[in-house]
Each structure stands twice: as structure tokens, then as C-alpha cells.
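Raw upload31.cif, mmCIF, C-alpha atoms and all ligand atoms:
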```
data_protein
loop_
_atom_site.label_atom_id
_atom_site.label_comp_id
_atom_site.auth_asym_id
_atom_site.auth_seq_id
_atom_site.Cartn_x
_atom_site.Cartn_y
_atom_site.Cartn_z
CA MET A 1 17.94 -23.82 -29.78
CA GLU A 2 16.02 -24.10 -26.51
CA GLN A 3 14.27 -20.88 -25.50
CA LYS A 4 15.71 -19.47 -22.26
CA THR A 5 13.51 -18.25 -19.41
CA ILE A 6 14.00 -15.18 -17.27
CA GLY A 7 12.17 -14.64 -13.97
CA VAL A 8 11.34 -11.26 -12.45
CA LEU A 9 10.31 -10.50 -8.87
CA THR A 10 9.84 -7.60 -6.47
CA SER A 11 11.04 -7.96 -2.88
CA GLY A 12 11.07 -5.92 0.36
CA GLY A 13 9.00 -2.75 0.61
CA ASP A 14 7.02 -1.74 -2.47
CA ALA A 15 8.09 1.47 -4.22
CA PRO A 16 6.44 3.55 -6.94
CA GLY A 17 8.12 2.72 -10.23
CA MET A 18 8.51 -1.00 -9.52
CA ASN A 19 5.78 -1.67 -12.08
CA ALA A 20 7.62 0.38 -14.68
CA ALA A 21 10.72 -1.72 -13.98
CA ILE A 22 8.77 -4.99 -14.33
CA ARG A 23 7.31 -3.74 -17.60
CA SER A 24 10.74 -2.88 -18.93
CA VAL A 25 12.24 -6.24 -17.90
CA VAL A 26 9.36 -8.21 -19.41
CA ARG A 27 9.25 -6.35 -22.70
CA THR A 28 13.03 -6.20 -23.15
CA ALA A 29 13.35 -9.92 -22.45
CA LEU A 30 10.46 -10.93 -24.72
CA LYS A 31 11.89 -8.76 -27.50
CA LYS A 32 15.21 -10.58 -27.12
CA GLY A 33 13.47 -13.93 -27.48
CA PHE A 34 13.33 -15.03 -23.84
CA ARG A 35 10.32 -16.62 -22.20
CA VAL A 36 9.44 -14.57 -19.11
CA VAL A 37 7.81 -15.60 -15.86
CA GLY A 38 6.69 -13.29 -13.11
CA VAL A 39 7.44 -14.55 -9.60
CA GLN A 40 4.82 -13.46 -7.09
CA ARG A 41 5.49 -12.23 -3.53
CA GLY A 42 9.24 -11.95 -3.78
CA TYR A 43 11.40 -14.86 -2.66
CA ASN A 44 8.29 -16.55 -1.21
CA GLY A 45 7.09 -17.08 -4.75
CA LEU A 46 10.40 -18.65 -5.73
CA ILE A 47 10.32 -21.01 -2.77
CA HIS A 48 6.68 -22.01 -3.25
CA GLY A 49 6.51 -21.87 -7.06
CA GLU A 50 4.13 -18.91 -7.45
CA LEU A 51 4.98 -18.25 -11.08
CA ILE A 52 2.93 -16.58 -13.79
CA GLU A 53 3.59 -16.55 -17.52
CA MET A 54 4.24 -13.04 -18.84
CA ASN A 55 3.58 -11.73 -22.32
CA MET A 56 3.68 -8.26 -23.86
CA ARG A 57 0.11 -7.57 -22.67
CA SER A 58 0.72 -8.82 -19.09
CA VAL A 59 2.44 -5.52 -18.38
CA SER A 60 -0.02 -3.25 -20.18
CA ASP A 61 -1.48 -0.36 -18.23
CA ILE A 62 0.92 -0.57 -15.27
CA ILE A 63 3.60 2.02 -16.07
CA HIS A 64 1.70 4.73 -14.22
CA ARG A 65 0.67 2.65 -11.21
CA GLY A 66 2.27 2.52 -7.76
CA GLY A 67 2.76 -0.72 -5.86
CA THR A 68 3.80 -3.85 -7.68
CA MET A 69 1.64 -6.07 -9.87
CA LEU A 70 3.79 -9.05 -8.79
CA TYR A 71 3.11 -8.37 -5.11
CA THR A 72 6.03 -8.19 -2.71
CA ALA A 73 6.97 -9.77 0.60
CA ARG A 74 9.64 -10.11 3.21
CA CYS A 75 10.63 -13.75 3.31
CA PRO A 76 12.59 -14.91 6.40
CA GLU A 77 12.73 -18.46 4.96
CA PHE A 78 14.99 -17.23 2.17
CA ARG A 79 17.63 -16.06 4.65
CA GLU A 80 18.44 -19.71 5.45
CA MET A 81 20.11 -22.23 3.13
CA PRO A 82 17.12 -24.64 2.90
CA GLY A 83 14.96 -21.77 1.59
CA ILE A 84 17.59 -20.72 -0.94
CA LEU A 85 17.93 -24.32 -2.17
CA ARG A 86 14.15 -24.67 -2.55
CA ALA A 87 14.13 -21.46 -4.58
CA ARG A 88 16.93 -22.81 -6.75
CA ASP A 89 14.97 -26.03 -7.30
CA THR A 90 11.92 -24.00 -8.43
CA CYS A 91 14.12 -22.20 -10.94
CA VAL A 92 15.64 -25.42 -12.25
CA LYS A 93 12.20 -27.06 -12.56
CA ALA A 94 10.73 -24.03 -14.36
CA GLY A 95 13.79 -23.72 -16.60
CA ILE A 96 14.57 -20.24 -15.21
CA SER A 97 18.14 -19.39 -16.15
CA GLY A 98 18.25 -15.89 -14.68
CA VAL A 99 16.26 -13.72 -12.27
CA VAL A 100 15.82 -9.96 -12.05
CA VAL A 101 15.28 -8.92 -8.41
CA ILE A 102 13.78 -5.49 -7.83
CA GLY A 103 14.26 -4.42 -4.20
CA GLY A 104 16.70 -3.04 -1.65
CA ASP A 105 19.95 -4.14 0.00
CA GLY A 106 18.33 -7.12 1.73
CA SER A 107 16.91 -8.36 -1.55
CA PHE A 108 20.36 -8.04 -3.15
CA ARG A 109 21.87 -10.23 -0.41
CA GLY A 110 19.30 -12.81 -1.39
CA ALA A 111 20.14 -12.33 -5.06
CA ALA A 112 23.82 -12.95 -4.28
CA ASP A 113 22.94 -16.13 -2.39
CA LEU A 114 20.85 -17.46 -5.28
CA SER A 115 23.55 -16.52 -7.81
CA ALA A 116 26.01 -18.54 -5.71
CA GLN A 117 23.70 -21.55 -6.18
CA GLY A 118 23.99 -21.31 -9.96
CA ILE A 119 21.01 -19.08 -10.82
CA PRO A 120 22.40 -15.76 -12.11
CA CYS A 121 20.51 -12.86 -10.53
CA VAL A 122 20.64 -9.14 -11.30
CA GLY A 123 19.34 -6.61 -8.77
CA ILE A 124 17.55 -3.36 -9.55
CA PRO A 125 17.45 -0.80 -6.72
CA GLY A 126 13.80 -0.25 -5.80
CA THR A 127 13.16 1.47 -2.49
CA ILE A 128 11.83 4.89 -1.51
CA ASP A 129 14.69 5.33 0.98
CA ASN A 130 17.53 5.94 -1.53
CA ASP A 131 19.73 4.15 1.01
CA ILE A 132 21.63 1.87 -1.38
CA ALA A 133 25.27 2.88 -1.37
CA CYS A 134 26.35 1.93 -4.88
CA THR A 135 23.72 4.05 -6.60
CA GLU A 136 22.90 7.73 -6.46
CA TYR A 137 19.26 6.91 -7.18
CA THR A 138 16.74 4.23 -6.23
CA ILE A 139 13.37 3.71 -7.90
CA GLY A 140 10.57 5.25 -5.85
CA TYR A 141 12.63 7.95 -4.12
CA ASP A 142 11.41 10.84 -6.25
CA THR A 143 7.75 9.89 -6.00
CA ALA A 144 7.98 9.41 -2.23
CA MET A 145 9.59 12.82 -1.78
CA ASN A 146 7.01 14.53 -3.95
CA THR A 147 4.23 12.87 -1.97
CA ALA A 148 5.83 13.92 1.31
CA VAL A 149 6.21 17.50 0.09
CA GLU A 150 2.55 17.63 -0.96
CA MET A 151 1.50 16.43 2.49
CA ILE A 152 3.84 18.77 4.38
CA ASP A 153 2.61 21.75 2.32
CA LYS A 154 -0.86 20.93 3.64
CA LEU A 155 0.46 20.74 7.21
CA ARG A 156 2.08 24.13 6.68
CA ASP A 157 -1.32 25.71 5.97
CA THR A 158 -2.46 24.74 9.45
CA ALA A 159 0.85 25.64 11.08
CA GLN A 160 0.69 29.07 9.42
CA SER A 161 -2.96 29.66 10.28
CA HIS A 162 -2.51 28.77 13.97
CA ASP A 163 1.03 30.10 14.49
CA ARG A 164 2.03 26.55 15.32
CA CYS A 165 4.99 24.27 14.99
CA SER A 166 4.53 21.07 13.00
CA VAL A 167 6.92 18.20 13.71
CA VAL A 168 6.79 15.75 10.81
CA GLU A 169 8.30 12.28 10.58
CA VAL A 170 9.11 11.00 7.11
CA MET A 171 10.20 7.49 6.12
CA GLY A 172 13.71 6.32 5.39
CA ARG A 173 14.40 3.51 7.83
CA ARG A 174 17.95 4.35 8.95
CA ALA A 175 18.59 6.99 6.24
CA GLY A 176 17.94 10.73 6.23
CA TYR A 177 17.81 11.38 2.47
CA ILE A 178 14.03 11.80 2.26
CA ALA A 179 14.07 14.02 5.36
CA LEU A 180 16.87 16.23 4.10
CA ASN A 181 15.46 16.83 0.64
CA THR A 182 11.83 17.24 1.66
CA GLY A 183 13.01 19.43 4.53
CA ILE A 184 14.69 21.83 2.12
CA ALA A 185 11.75 21.72 -0.27
CA CYS A 186 9.28 22.50 2.52
CA GLY A 187 11.33 25.22 4.18
CA ALA A 188 11.84 23.31 7.41
CA THR A 189 13.44 25.21 10.29
CA CYS A 190 15.23 22.10 11.50
CA ILE A 191 15.98 18.76 9.86
CA VAL A 192 16.84 15.89 12.15
CA VAL A 193 18.54 12.92 10.49
CA PRO A 194 20.53 9.96 11.85
CA GLU A 195 23.61 10.94 9.85
CA VAL A 196 24.08 14.32 11.58
CA GLU A 197 24.52 14.66 15.31
CA PHE A 198 21.81 16.69 16.99
CA THR A 199 20.80 17.76 20.46
CA MET A 200 17.35 18.85 21.59
CA ASP A 201 18.92 21.97 23.12
CA ALA A 202 20.38 23.02 19.77
CA LEU A 203 17.04 22.42 18.06
CA LEU A 204 15.22 24.52 20.68
CA ASP A 205 17.81 27.31 20.39
CA LYS A 206 17.30 27.38 16.66
CA ILE A 207 13.53 27.66 16.99
CA LYS A 208 13.89 30.43 19.57
CA LEU A 209 16.28 32.35 17.34
CA ALA A 210 13.91 32.03 14.39
CA GLN A 211 11.12 33.24 16.71
CA GLN A 212 13.20 36.32 17.60
CA LEU A 213 13.68 36.94 13.88
CA GLY A 214 9.89 37.13 13.50
CA LYS A 215 9.00 33.61 12.46
CA HIS A 216 5.49 32.59 13.51
CA HIS A 217 5.18 29.03 12.29
CA PHE A 218 7.69 26.22 12.07
CA ILE A 219 8.20 22.93 10.35
CA ILE A 220 10.59 20.43 11.88
CA LEU A 221 11.46 17.45 9.69
CA VAL A 222 12.44 14.26 11.49
CA ALA A 223 13.73 11.11 9.81
CA GLU A 224 12.11 7.82 10.77
CA GLY A 225 15.37 6.56 12.28
CA ILE A 226 15.13 9.29 14.93
CA GLY A 227 11.37 9.03 15.49
CA LYS A 228 9.83 10.35 18.75
CA VAL A 229 7.79 13.13 17.14
CA ASP A 230 5.27 13.30 19.98
CA GLU A 231 7.92 13.52 22.64
CA MET A 232 9.77 16.17 20.63
CA SER A 233 6.55 18.14 20.12
CA LYS A 234 5.91 18.25 23.87
CA GLN A 235 9.45 19.45 24.54
CA ILE A 236 9.20 22.17 21.89
CA GLU A 237 5.87 23.42 23.25
CA ALA A 238 7.18 23.43 26.83
CA ALA A 239 10.40 25.24 25.98
CA THR A 240 9.11 27.82 23.48
CA GLY A 241 5.42 28.27 24.22
CA ILE A 242 4.62 27.52 20.59
CA GLU A 243 1.65 25.18 20.17
CA THR A 244 3.12 22.07 18.54
CA ARG A 245 1.68 19.03 16.81
CA GLY A 246 3.39 15.85 15.64
CA THR A 247 2.54 13.98 12.44
CA VAL A 248 3.91 10.70 11.16
CA LEU A 249 3.41 10.57 7.39
CA GLY A 250 3.95 6.81 7.20
CA HIS A 251 2.98 4.61 4.32
CA VAL A 252 1.29 7.29 2.19
CA GLN A 253 4.88 7.90 1.04
CA ARG A 254 5.12 4.40 -0.42
CA GLY A 255 2.09 4.62 -2.71
CA GLY A 256 0.86 6.66 -5.62
CA ASN A 257 1.59 7.08 -9.30
CA PRO A 258 5.32 7.21 -10.01
CA THR A 259 6.85 10.48 -11.17
CA VAL A 260 8.46 10.86 -14.60
CA ARG A 261 11.88 10.34 -13.05
CA ASP A 262 10.89 7.05 -11.43
CA ARG A 263 9.28 5.74 -14.62
CA VAL A 264 12.27 6.68 -16.76
CA VAL A 265 14.97 5.33 -14.42
CA ALA A 266 12.96 2.13 -13.88
CA SER A 267 12.70 1.63 -17.63
CA GLN A 268 16.44 2.18 -18.12
CA MET A 269 17.44 -0.12 -15.28
CA GLY A 270 15.09 -2.89 -16.37
CA TYR A 271 16.57 -2.79 -19.85
CA ARG A 272 20.15 -3.00 -18.56
CA ALA A 273 19.34 -5.88 -16.21
CA VAL A 274 18.10 -8.01 -19.09
CA GLU A 275 21.14 -7.11 -21.19
CA LEU A 276 23.35 -8.57 -18.44
CA LEU A 277 21.32 -11.78 -18.12
CA GLU A 278 21.39 -12.13 -21.91
CA GLN A 279 25.18 -12.29 -21.63
CA GLY A 280 24.89 -14.87 -18.85
CA ILE A 281 26.16 -12.35 -16.28
CA GLY A 282 24.71 -12.63 -12.77
CA ASN A 283 25.51 -11.52 -9.24
CA ARG A 284 25.32 -7.88 -10.37
CA VAL A 285 23.33 -4.88 -9.26
CA ILE A 286 22.26 -2.08 -11.56
CA ALA A 287 23.08 1.43 -10.34
CA MET A 288 23.12 5.06 -11.40
CA GLN A 289 26.38 6.96 -11.19
CA ASN A 290 26.79 10.49 -12.61
CA SER A 291 23.35 10.01 -14.20
CA LYS A 292 24.59 6.98 -16.15
CA ILE A 293 23.36 3.41 -15.77
CA VAL A 294 26.18 1.15 -14.57
CA ASP A 295 26.44 -2.16 -12.74
CA TYR A 296 28.43 -3.61 -9.84
CA ASP A 297 29.27 -6.98 -8.38
CA ILE A 298 26.71 -7.45 -5.57
CA GLN A 299 29.27 -8.13 -2.81
CA GLU A 300 31.29 -5.10 -3.90
CA ALA A 301 28.15 -2.96 -3.97
CA LEU A 302 27.19 -4.04 -0.46
CA GLN A 303 30.64 -3.01 0.87
CA ILE A 304 30.35 0.57 -0.38
CA LYS A 305 29.54 3.24 2.21
CA LYS A 306 27.13 5.95 1.09
CA PRO A 307 28.37 9.42 1.96
CA PHE A 308 25.72 11.75 3.37
CA THR A 309 25.22 14.99 1.43
CA VAL A 310 26.60 17.23 4.16
CA ASP A 311 26.88 20.22 1.80
CA LEU A 312 23.15 20.06 1.19
CA TYR A 313 22.53 19.76 4.92
CA LYS A 314 24.59 22.92 5.46
CA VAL A 315 22.55 24.80 2.84
CA ALA A 316 19.33 23.68 4.53
CA ASP A 317 20.64 24.74 7.91
CA GLU A 318 21.74 28.18 6.80
CA ILE A 319 18.61 29.23 4.92
CA SER A 320 16.10 27.98 7.44
CA PHE A 321 15.61 30.98 9.73
P1 LIG B 401 14.97 -4.60 1.12
O1 LIG B 401 15.25 -5.49 -0.02
O2 LIG B 401 14.03 -3.49 0.78
O3 LIG B 401 16.23 -4.13 1.82
P2 LIG B 401 14.56 -6.52 3.26
O4 LIG B 401 15.80 -6.14 3.98
O5 LIG B 401 13.33 -6.73 4.07
O6 LIG B 401 14.12 -5.42 2.18
O7 LIG B 401 14.88 -7.82 2.40
C1 LIG B 401 13.91 -8.36 1.56
C2 LIG B 401 14.05 -9.85 1.53
O8 LIG B 401 15.33 -10.21 1.00
C3 LIG B 401 14.00 -10.55 2.88
O9 LIG B 401 12.70 -10.76 3.35
C4 LIG B 401 14.69 -11.87 2.57
O10 LIG B 401 13.82 -12.74 1.90
C5 LIG B 401 15.77 -11.42 1.60
N1 LIG B 401 17.01 -11.18 2.36
C6 LIG B 401 17.31 -10.16 3.15
N2 LIG B 401 18.53 -10.29 3.71
C7 LIG B 401 19.01 -11.46 3.27
C8 LIG B 401 20.22 -12.18 3.48
N3 LIG B 401 21.19 -11.70 4.27
N4 LIG B 401 20.36 -13.35 2.84
C9 LIG B 401 19.41 -13.84 2.03
N5 LIG B 401 18.24 -13.19 1.80
C10 LIG B 401 18.04 -12.04 2.39
O1 LIG B 402 12.37 0.57 3.03
C1 LIG B 402 11.19 1.24 2.78
C2 LIG B 402 10.44 1.49 4.06
O2 LIG B 402 9.25 2.18 3.76
C3 LIG B 402 11.21 2.22 5.15
O3 LIG B 402 11.26 3.59 4.90
C4 LIG B 402 10.46 1.80 6.38
O4 LIG B 402 11.28 1.81 7.52
C5 LIG B 402 10.06 0.40 6.08
O5 LIG B 402 10.07 0.26 4.67
C6 LIG B 402 8.68 0.05 6.60
O6 LIG B 402 8.41 -1.24 6.23
P1 LIG B 402 7.01 -2.01 6.44
O7 LIG B 402 6.55 -2.33 5.07
O8 LIG B 402 7.37 -3.22 7.20
O9 LIG B 402 6.09 -1.09 7.16
#
```
Go through the file and emit its structure as C-alpha cells.
Ligand code: ADP
Ligand code: F6P
Amino acid sequence: MEQKTIGVLTSGGDAPGMNAAIRSVVRTALKKGFRVVGVQRGYNGLIHGELIEMNMRSVSDIIHRGGTMLYTARCPEFREMPGILRARDTCVKAGISGVVVIGGDGSFRGAADLSAQGIPCVGIPGTIDNDIACTEYTIGYDTAMNTAVEMIDKLRDTAQSHDRCSVVEVMGRRAGYIALNTGIACGATCIVVPEVEFTMDALLDKIKLAQQLGKHHFIILVAEGIGKVDEMSKQIEAATGIETRGTVLGHVQRGGNPTVRDRVVASQMGYRAVELLEQGIGNRVIAMQNSKIVDYDIQEALQIKKPFTVDLYKVADEISF
């Protein structure tokens, strides 16, 4: 019988743990008797035929590394039908009968489009933002939060020493999950996220009240989707008299060695993705629900709305004085 070939690619923003997922996909597939090719630079590599042969040793020594050994890219060409058809042609020419796509929502839309052209694709959620509705966990989230917490703890030392306020922006595109969780973990006085309405007046009142209760230094966590840390800092300083500095943590949150959680979840999800392709099942996305690995139809997954953890926000709010 002809040996089947599986492709694996990473797409969108890199996330710690993507390498662990690649490793799991490659080794699971080889063990099941597939030939495996790595596609470089996301959908670009599929369009332009950037393929590399993978063996058991190709994925040695990567489980603990951040970034992605396959490189990643955003590929506008793949959003249009000619790009998708060129990618399909690459797959047909290389004998690729299924592709594992590690990325976020955008990458899954691409995976659905390619599945519709006869190349079954399975998505694995890899993004630090944890903003994919069908899954309670995305690969890279835990590492990014731990990195952010480490950085904010350092900022706290200065805020404490100078009796200052530190306004910190964390990543998360349009989602406040990183901000909320790191905010709790760092003892932030206020957490500003796109999912919860906020006014500058309420934020200033909260700082003033905490001041009256004897607080000398303050951390304000702001999600990327809100932004404006410098402007906010100026307003806080003007209204409260507290010396205030703004910091944007930025891309440090995307790098670094993945945590245990990211390595384990990536390994589990990679394994499940190959199991689906082995059965000829495509147009699916792997997810975690109630700590179990499950899978969804991609279109269904993209329709789901992710509820914000308002209970957690309330806890953060009430213990932050
Ligand atoms: P993420 O996967 O992290 O959400 P992007 O939204 O940037 O990141 O998407 C990654 C890539 O997926 C895009 O550069 C593009 O190649 C592909 N993609 C995104 N949206 C679509 C779409 N609607 N149709 C087809 N491909 C898409
Ligand atoms: O989706 C991950 C993420 O880091 C977001 O938090 C952020 O908005 C975006 O990617 C930044 O992307 P870029 O790689 O273009 O800077």
C-alpha cells in the first residue's frame, strides 16, 4: 500500500509550545507509518512549496524551546482563492493527504478553506492569547502569563521602592485573559480589559480609595486591546499625585521556554490531531474542554462565543485594595 504523507505547519503569531506540538505530530505520525513533511512559514510554505522531510531526529532537542522550528508567517495570499488553490496543488504534487495547522482562529479559517478543496486539515490552538472560543486552553498561554508575571514582579520592586504607580500593558490582541490572570497573580489594583466596561473616573476613584487605605504603590494591568498606557499614566499622576510610569511588555511574552503545561497540552493535542487524520477526518480543530482533549468541526468552533470569566474578574476587583 502507498505510504501516506502528512504535512505540519505553524501559522500566525508564534507561541511557546508550538515546537512541542510539532514534535508530537511528527513522532505520532511516523510511528503510525506516515511520511511527514514540515511546511515552512505557514501557508506561505504551502503556496511556494517550502517543504522539508521530517524524521524522528528532525524534532530532537526542540521540546523545551520557544518559537517554532518551522518558522511562521501571516500570509495574505492564502486569504484569496488563487492562493488556496496553489496550496492545494502543492499538497497534491507532494502527495500530502492531510495537514496539521498549529495557530489561531485565522489559521483555522485557512484550514477550513483548504479542507474544502479536498485536503483534510486539523487545527491545533496555538496562541498566547487564549482567545479561541471552542477551547479552554491554547498552547503558549501559560508560558506567556508566567513570563508577564516575572516581568511585572520586577516592575513592582521599582514601584514599591519609589512609591509609584506602574501601568503595564500585556498582550492579548482583543482579549483580556492574559491581563486578568496576570493581574490577579501580580496583585494589581485595577485590571482593564476590553470585555468589562471601565471608565477612567472609576479607575482613579479606586486608586484614591486604596491610597486612603494606606497603599503606597500600585500596579494597573491594561490589556493590549485597550492600550494607551502613557496617556493613562499621565491622567493617574495628574489626578492622584502619584508618580506613574507606563510599560508595554510586548513581544517578550511570546518567547521563552514553554512551561510544563504548554509542553504537555501540546503533546496531547498533536497526538489527537494525527489520530483524526489517520481516520481521514479533516476540517476539525482540537480543543480542551473540562481538561479533556476533544475536537470540533472548524465552522462550528468559529461560531462559538467565548464567555469572559466574570467571576474571576470580581474576585480580582474585590481583593485589590
Ligand atoms: P492566527 O492564526 O494567530 O489567528 P492570523 O489571524 O494572522 O493569526 O491568521 C494567520 C493566517 O491564516 C493568515 O495570515 C492567513 O494566511 C490565514 N487566514 C486568516 N484568515 C483567513 C481566512 N478568513 N481565510 C483563509 N485564510 C485565512
Ligand atoms: O496573537 C498573538 C499576538 O501576540 C497578540 O497578542 C498581538 O496582538 C499580536 O499577536 C501581535 O502580532 P505581531 O506578531 O504582528 O506583532
Got a sec to check which residues lie within 8 Å of ligand LIG 402 (chain B), using only C-alpha atoms and all ligand atoms, and send them as a compact mmCIF listing (two decimals) with C-alpha atoms, in the frame of the given file?
```txt
# COMPACT_ATOMS: atom_id res chain seq x y z
CA GLY A 12 11.07 -5.92 0.36
CA GLY A 13 9.00 -2.75 0.61
CA ASP A 14 7.02 -1.74 -2.47
CA ALA A 15 8.09 1.47 -4.22
CA GLY A 104 16.70 -3.04 -1.65
CA THR A 127 13.16 1.47 -2.49
CA ILE A 128 11.83 4.89 -1.51
CA ASP A 129 14.69 5.33 0.98
CA MET A 171 10.20 7.49 6.12
CA GLY A 172 13.71 6.32 5.39
CA ARG A 173 14.40 3.51 7.83
CA ARG A 174 17.95 4.35 8.95
CA GLU A 224 12.11 7.82 10.77
CA GLY A 225 15.37 6.56 12.28
CA GLY A 250 3.95 6.81 7.20
CA HIS A 251 2.98 4.61 4.32
CA GLN A 253 4.88 7.90 1.04
CA ARG A 254 5.12 4.40 -0.42
```
Shortest interatomic distance to ligand LIG 401 (chain B) - which of A:Lys4, A:Ala73, A:Lys31, A:Val26, counting all atoms listed in the file |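 Of A:Lys4, A:Ala73, A:Lys31, A:Val26, the one nearest ligand LIG 401 (chain B) is A:Ala73, counting all atoms listed in the file.
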Which residues form the shell of 10 Å around ligand LIG 401 (chain B) when you count only C-alpha atoms and all ligand atoms, given as number ranges by chain?
-> A: 10-15, 41-44, 72-81, 83-84, 101-114, 123, 125-129, 131-132, 173
Using all atoms listed in the file: which of A:Met145, A:Cys165, A:Glu275, A:Gln117 has the shortest distance to A:Gln235 |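 Smallest separation from A:Gln235 among the options: A:Cys165.
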Please identify all polymer residues within 7 Å of A:Phe218, counting only C-alpha atoms, omitting same-chain residues fewer than 4 positions from it, and present them as an MDAnalysis selection string.
-> chainID A and resid 159 164:166 188:189
Resulting file, chosen residues, C-alpha atoms, as a CSV table (one decimal), keeping the file's coordinate frame:
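result.csv, written as the output of this step:
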```csv
chain,number,residue,atom,x,y,z
A,159,ALA,CA,0.8,25.6,11.1
A,164,ARG,CA,2.0,26.6,15.3
A,165,CYS,CA,5.0,24.3,15.0
A,166,SER,CA,4.5,21.1,13.0
A,188,ALA,CA,11.8,23.3,7.4
A,189,THR,CA,13.4,25.2,10.3
```
Computed gap from atom CA of A:Val39 to atom CA of A:Leu51 is 4.7 Å
Surrounding residues of stretch 296-299 of chain A excluding itself and chain neighbours under 6 positions, 6 Å, only C-alpha atoms, as a list in words | Asn283, Arg284 and Val285 of chain A
Using only C-alpha atoms, please write the residues we just selected to a file, as a short mmCIF file (atom, residue, chain, number, x, y, z; two decimals), in the coordinates of the input.
```
data_model
loop_
_atom_site.label_atom_id
_atom_site.label_comp_id
_atom_site.auth_asym_id
_atom_site.auth_seq_id
_atom_site.Cartn_x
_atom_site.Cartn_y
_atom_site.Cartn_z
CA ASN A 283 25.51 -11.52 -9.24
CA ARG A 284 25.32 -7.88 -10.37
CA VAL A 285 23.33 -4.88 -9.26
#
```
12 Å contact set for A:Leu30, only C-alpha atoms, chain neighbours under 2 positions out, as a PDB file with C-alpha atoms, in the frame of the given file:
```
ATOM      1  CA  GLN A   3      14.270 -20.880 -25.500  1.00  0.00           C
ATOM      2  CA  LYS A   4      15.710 -19.470 -22.260  1.00  0.00           C
ATOM      3  CA  THR A   5      13.510 -18.250 -19.410  1.00  0.00           C
ATOM      4  CA  ILE A   6      14.000 -15.180 -17.270  1.00  0.00           C
ATOM      5  CA  GLY A   7      12.170 -14.640 -13.970  1.00  0.00           C
ATOM      6  CA  ARG A  23       7.310  -3.740 -17.600  1.00  0.00           C
ATOM      7  CA  SER A  24      10.740  -2.880 -18.930  1.00  0.00           C
ATOM      8  CA  VAL A  25      12.240  -6.240 -17.900  1.00  0.00           C
ATOM      9  CA  VAL A  26       9.360  -8.210 -19.410  1.00  0.00           C
ATOM     10  CA  ARG A  27       9.250  -6.350 -22.700  1.00  0.00           C
ATOM     11  CA  THR A  28      13.030  -6.200 -23.150  1.00  0.00           C
ATOM     12  CA  LYS A  32      15.210 -10.580 -27.120  1.00  0.00           C
ATOM     13  CA  GLY A  33      13.470 -13.930 -27.480  1.00  0.00           C
ATOM     14  CA  PHE A  34      13.330 -15.030 -23.840  1.00  0.00           C
ATOM     15  CA  ARG A  35      10.320 -16.620 -22.200  1.00  0.00           C
ATOM     16  CA  VAL A  36       9.440 -14.570 -19.110  1.00  0.00           C
ATOM     17  CA  VAL A  37       7.810 -15.600 -15.860  1.00  0.00           C
ATOM     18  CA  GLU A  53       3.590 -16.550 -17.520  1.00  0.00           C
ATOM     19  CA  MET A  54       4.240 -13.040 -18.840  1.00  0.00           C
ATOM     20  CA  ASN A  55       3.580 -11.730 -22.320  1.00  0.00           C
ATOM     21  CA  MET A  56       3.680  -8.260 -23.860  1.00  0.00           C
ATOM     22  CA  ARG A  57       0.110  -7.570 -22.670  1.00  0.00           C
ATOM     23  CA  SER A  58       0.720  -8.820 -19.090  1.00  0.00           C
ATOM     24  CA  VAL A  59       2.440  -5.520 -18.380  1.00  0.00           C
ATOM     25  CA  TYR A 271      16.570  -2.790 -19.850  1.00  0.00           C
ATOM     26  CA  VAL A 274      18.100  -8.010 -19.090  1.00  0.00           C
ATOM     27  CA  GLU A 275      21.140  -7.110 -21.190  1.00  0.00           C
ATOM     28  CA  GLU A 278      21.390 -12.130 -21.910  1.00  0.00           C
TER      29      GLU A 278
END
```
Taking only C-alpha atoms into account, which of A:Gln40, A:Asn146, A:Gly183, A:Cys121 comes nearest A:Leu276?
->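 Closest residue, counting only C-alpha atoms: A:Cys121.
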A:Asp142 surroundings by all atoms listed in the file, 9 Å radius, close-in-sequence under 3 positions cut, as an MDAnalysis selection string | chainID A and resid 16 128 137:139 145:147 178 258:262
Which residue out of A:Ile281, A:Val193, A:Ala175, A:Ile119 has the minimum interatomic distance to A:Ile96 when all atoms listed in the file are used?
->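 Answer, going by the shortest atom-to-atom distance: A:Ile119.
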May I have the residues within 12 Å of A:Ser161 as a PyMOL selection string, using all atoms listed in the file and disregarding those fewer than 6 positions away in the same chain?
-> chain A and resi 154-155+216-218+243
What separation in Å, quoted to one decimal, exists between atom CA of A:Leu204 and atom CA of A:Cys190?
->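 Atom CA of A:Cys190 lies at a distance of 9.5 Å from atom CA of A:Leu204.
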In Å and to one decimal, atom CA of A:Ser267 is distant from atom CA of A:Ser60 by 13.9 Å
Nearest to A:Val99 among A:Ile191, A:Met69, A:Ile124, A:Ile207, with distances taken over only C-alpha atoms: which residue is it?
-> A:Ile124
Axis-aligned box for stretch 12-29 of chain A, 4 Å per side, centre and edges in Å as AutoDock Vina command-line options:
```
--center_x 9.6 --center_y -3.2 --center_z -11.3 --size_x 15.6 --size_y 21.5 --size_z 31.8
```
Which of A:Gly98, A:Gly214, A:Gly66, A:Gly270 sits closest to A:Ile293 [using only C-alpha atoms] =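 Of the candidates, the smallest distance to A:Ile293 is held by A:Gly270.
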List every protein, DNA or RNA residue that has an atom no more than 6 Å from (5.3, 3.6, -15.3) in the file's coordinate frame, counting only C-alpha atoms, and report them as a PyMOL selection string.
-> chain A and resi 17+20+63-64+263
